[in-house]
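Written below as structure tokens is the structure these notes are about.
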Amino acid sequence: MTVPARLLRTAAFAALPALALHAAPVISTFGPLRNRVMPRLAGRGRADHVALTFDDGPDPLSTPFFLRALDERKIRATFFLLGRQARRSPGLVREIAAAGHEIGIHGWLHRPLLLRGPGATHDDLARARDTVGDLTGQPPRLFRPPYGVMSTAARLAARRLALTPVLWTCWGEDWTARATPDSVHRTVARDLDGGGTILLHDSDCTSAPGAWRSALGALPRLLDSCDQRGLAVGPLREHGV
């Protein structure tokens, strides 16, 4: 082994503890474990309530359809917006807020925060928070990391920015090209119970083209399922998280 190679190997071993600390919160990515041992992060709330949340918007091609469908049922939800998307559609951000929906942030770009350092992570969240806050007149309080992957840097940045991380207890896998309204409804209903948080997507900016239609098609049936179980549906602010 050459001297430089030995030095590189030594440096790599020395860096392992720091990397492990940075990546430790990634265990929250595993749904069953998160739901069981991290209920607050998973979005576990009131037993008689279900929180309805949407990621990746706003998107002028799809989000208005969700707003219309929710308005017809008099349901309010939580929208986790990407900062870059918000900057592109400021009027739509204001429309979401004016309709009474809760707004959180999903970061500026849909990139895994596990691969970003503390400074870049803080700047990403701060930029998204400030952009959405300027558009709505109210700083967002909630944060959902892209891909649901947390890091130590993300936790520290969220704390400094007064953001509460919230993930989900069930999702529709509505981002794939093979998703259908039936598959989305079936996948959500399999894990849905009182106190749960549903994740759907109102945009396909990071998904298969047109994938949002599967979530939109499943939405009425999901609301009916909750109603049949006697579960109220609303945003996270009413969920008791």
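Please note that chains go A, B, ... in the order of the structure tokens, that every chain numbers its residues from 1, and that ligands are numbered from 1 in the order shown.
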Near-Asp56 of chain A list (6 Å; only C-alpha atoms; drop same-chain fewer than 6 positions) as JSON, numbers by chain: {"A": [81, 82, 203]}
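Residues within 6 Å of segment 118-128 of chain A, counting only C-alpha atoms and excluding same-chain residues fewer than 6 positions away, are A:Gly83, A:Gly107, A:Trp108, A:Ala153, A:Ala157.
Excluding segment 181-195 of chain A itself and any same-chain residue fewer than 6 positions from it, the protein and nucleic acid residues within 6 Å of it, counting only C-alpha atoms, are Arg44, Gly45, Arg46, Ala47, Asp48, His49, Val50, Cys170, Trp171, Gly172, Asp174, Ser214, Gly217 and Ala218 of chain A.
We find atom CA of Ile96 of chain A and atom CA of Phe79 of chain A to be spaced 8.2 Å apart.
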If we count only C-alpha atoms and set the cut-off at 10 Å, which residues sit around Pro112 of chain A, ignoring sequence neighbours fewer than 5 positions away in its own chain? Please answer as a CSV table (one decimal) with N, CA and C atoms, in the first residue's frame.
chain,number,residue,atom,x,y,z
A,107,GLY,N,-38.6,21.8,0.9
A,107,GLY,CA,-37.2,22.1,0.4
A,107,GLY,C,-37.3,23.0,-0.8
A,121,THR,N,-27.8,22.5,3.4
A,121,THR,CA,-29.1,22.1,3.9
A,121,THR,C,-29.8,23.3,4.5
A,145,PRO,N,-39.0,16.5,4.3
A,145,PRO,CA,-37.8,16.4,3.5
A,145,PRO,C,-38.1,15.6,2.2
A,146,PRO,N,-37.4,15.9,1.1
A,146,PRO,CA,-37.6,15.2,-0.1
A,146,PRO,C,-37.3,13.7,0.1
A,147,TYR,N,-38.1,12.8,-0.4
A,147,TYR,CA,-38.0,11.4,-0.3
A,147,TYR,C,-38.2,10.9,1.2
A,148,GLY,N,-38.5,11.8,2.1
A,148,GLY,CA,-38.7,11.4,3.4
A,148,GLY,C,-37.4,11.1,4.2
A,149,VAL,N,-36.3,11.5,3.6
A,149,VAL,CA,-35.0,11.1,4.2
A,149,VAL,C,-34.5,12.3,5.0
A,150,MET,N,-34.4,12.1,6.3
A,150,MET,CA,-33.8,13.1,7.2
A,150,MET,C,-32.3,12.9,7.4
A,151,SER,N,-31.7,13.9,7.9
A,151,SER,CA,-30.3,13.9,8.2
A,151,SER,C,-30.1,14.7,9.5
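The nearest approach to Pro220 of chain A among the residues A:Val93, A:Val241, A:Ile75, A:Leu41, with only C-alpha atoms taken into account, belongs to A:Ile75.
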Secondary structure check, helix (DSSP H, G or I) residues of segment 107-230 of chain A, as an MDAnalysis selection string: chainID A and resid 113:115 118:136 146:148 152:160 181:191 212:228
Gln85 of chain A surroundings by only C-alpha atoms, 9 Å radius, close-in-sequence under 5 positions cut, as a ChimeraX atom specification: /A:56-59,90,108-109,205
Just-selected residues, N, CA and C atoms written as a short mmCIF file (atom, residue, chain, number, x, y, z; two decimals), in the first residue's frame:
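Written out: part-v2.cif:
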data_model
loop_
_atom_site.label_atom_id
_atom_site.label_comp_id
_atom_site.auth_asym_id
_atom_site.auth_seq_id
_atom_site.Cartn_x
_atom_site.Cartn_y
_atom_site.Cartn_z
N ASP A 56 -44.83 18.21 -3.56
CA ASP A 56 -44.19 18.52 -4.86
C ASP A 56 -44.81 19.66 -5.64
N GLY A 57 -45.89 20.25 -5.19
CA GLY A 57 -46.47 21.38 -5.89
C GLY A 57 -45.77 22.67 -5.50
N PRO A 58 -46.34 23.79 -5.95
CA PRO A 58 -47.56 23.88 -6.76
C PRO A 58 -47.26 23.68 -8.23
N ASP A 59 -48.24 23.16 -8.95
CA ASP A 59 -48.10 22.90 -10.38
C ASP A 59 -49.36 23.42 -11.07
N PRO A 90 -46.35 31.91 -8.24
CA PRO A 90 -46.70 32.63 -7.01
C PRO A 90 -48.21 32.81 -6.82
N TRP A 108 -36.18 23.50 -1.25
CA TRP A 108 -36.14 24.31 -2.46
C TRP A 108 -36.12 23.42 -3.70
N LEU A 109 -35.25 22.44 -3.68
CA LEU A 109 -35.14 21.47 -4.77
C LEU A 109 -35.43 20.07 -4.22
N CYS A 205 -43.81 16.77 -11.07
CA CYS A 205 -42.51 17.37 -11.43
C CYS A 205 -41.34 16.47 -11.05
#
Residues of segment 77-120 of chain A in strand (DSSP E), written as a PyMOL selection string: chain A and resi 78-81+102-105
Residues within 12 Å of Arg68 of chain A, please, as a short mmCIF file (atom, residue, chain, number, x, y, z; two decimals) with N, CA and C atoms, in the first residue's frame. Count only C-alpha atoms; anything in the same chain fewer than 3 positions from it doesn't count.
data_model
loop_
_atom_site.label_atom_id
_atom_site.label_comp_id
_atom_site.auth_asym_id
_atom_site.auth_seq_id
_atom_site.Cartn_x
_atom_site.Cartn_y
_atom_site.Cartn_z
N SER A 62 -51.76 20.80 -12.61
CA SER A 62 -52.44 19.76 -11.83
C SER A 62 -53.03 20.24 -10.52
N THR A 63 -52.33 21.09 -9.79
CA THR A 63 -52.80 21.51 -8.47
C THR A 63 -54.21 22.09 -8.49
N PRO A 64 -54.59 22.90 -9.48
CA PRO A 64 -55.97 23.44 -9.48
C PRO A 64 -57.04 22.36 -9.46
N PHE A 65 -56.77 21.20 -10.06
CA PHE A 65 -57.76 20.11 -10.04
C PHE A 65 -57.94 19.58 -8.61
N ASP A 71 -62.36 21.47 -2.58
CA ASP A 71 -63.38 22.48 -2.29
C ASP A 71 -64.78 21.89 -2.42
N GLU A 72 -64.98 21.02 -3.38
CA GLU A 72 -66.29 20.40 -3.56
C GLU A 72 -66.70 19.58 -2.34
N ARG A 73 -65.70 19.02 -1.64
CA ARG A 73 -65.98 18.22 -0.45
C ARG A 73 -65.81 19.02 0.84
N LYS A 74 -65.47 20.30 0.68
CA LYS A 74 -65.23 21.18 1.84
C LYS A 74 -64.15 20.62 2.76
N ILE A 75 -63.10 20.12 2.15
CA ILE A 75 -61.96 19.54 2.86
C ILE A 75 -60.76 20.46 2.72
N ARG A 76 -60.04 20.65 3.80
CA ARG A 76 -58.78 21.39 3.76
C ARG A 76 -57.65 20.40 4.01
N GLU A 95 -53.34 31.21 -4.01
CA GLU A 95 -54.66 30.59 -4.15
C GLU A 95 -54.81 29.44 -3.16
N ILE A 96 -53.77 28.64 -2.98
CA ILE A 96 -53.81 27.55 -2.00
C ILE A 96 -54.06 28.10 -0.60
N ALA A 99 -57.59 29.53 -0.08
CA ALA A 99 -58.62 28.49 0.03
C ALA A 99 -58.66 27.87 1.42
N LEU A 216 -55.43 12.05 -8.05
CA LEU A 216 -56.68 12.80 -8.17
C LEU A 216 -57.87 11.86 -8.31
N LEU A 219 -58.73 10.27 -4.91
CA LEU A 219 -59.08 11.16 -3.80
C LEU A 219 -60.52 11.03 -3.33
N PRO A 220 -61.52 11.06 -4.21
CA PRO A 220 -62.91 10.93 -3.72
C PRO A 220 -63.15 9.62 -2.96
#
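Rounded to one decimal, atom CA of Ala162 of chain A and atom CA of Leu142 of chain A lie 8.5 Å from each other.
For the choices A:Pro60, A:Gly137, A:Gly100, A:Gly240, the atom-to-atom distance to Gly43 of chain A is smallest for A:Gly240 when using only C-alpha atoms.
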Distance in Å - atom CA of Ala154 of chain A versus atom CA of Ile103 of chain A: 18.8 Å
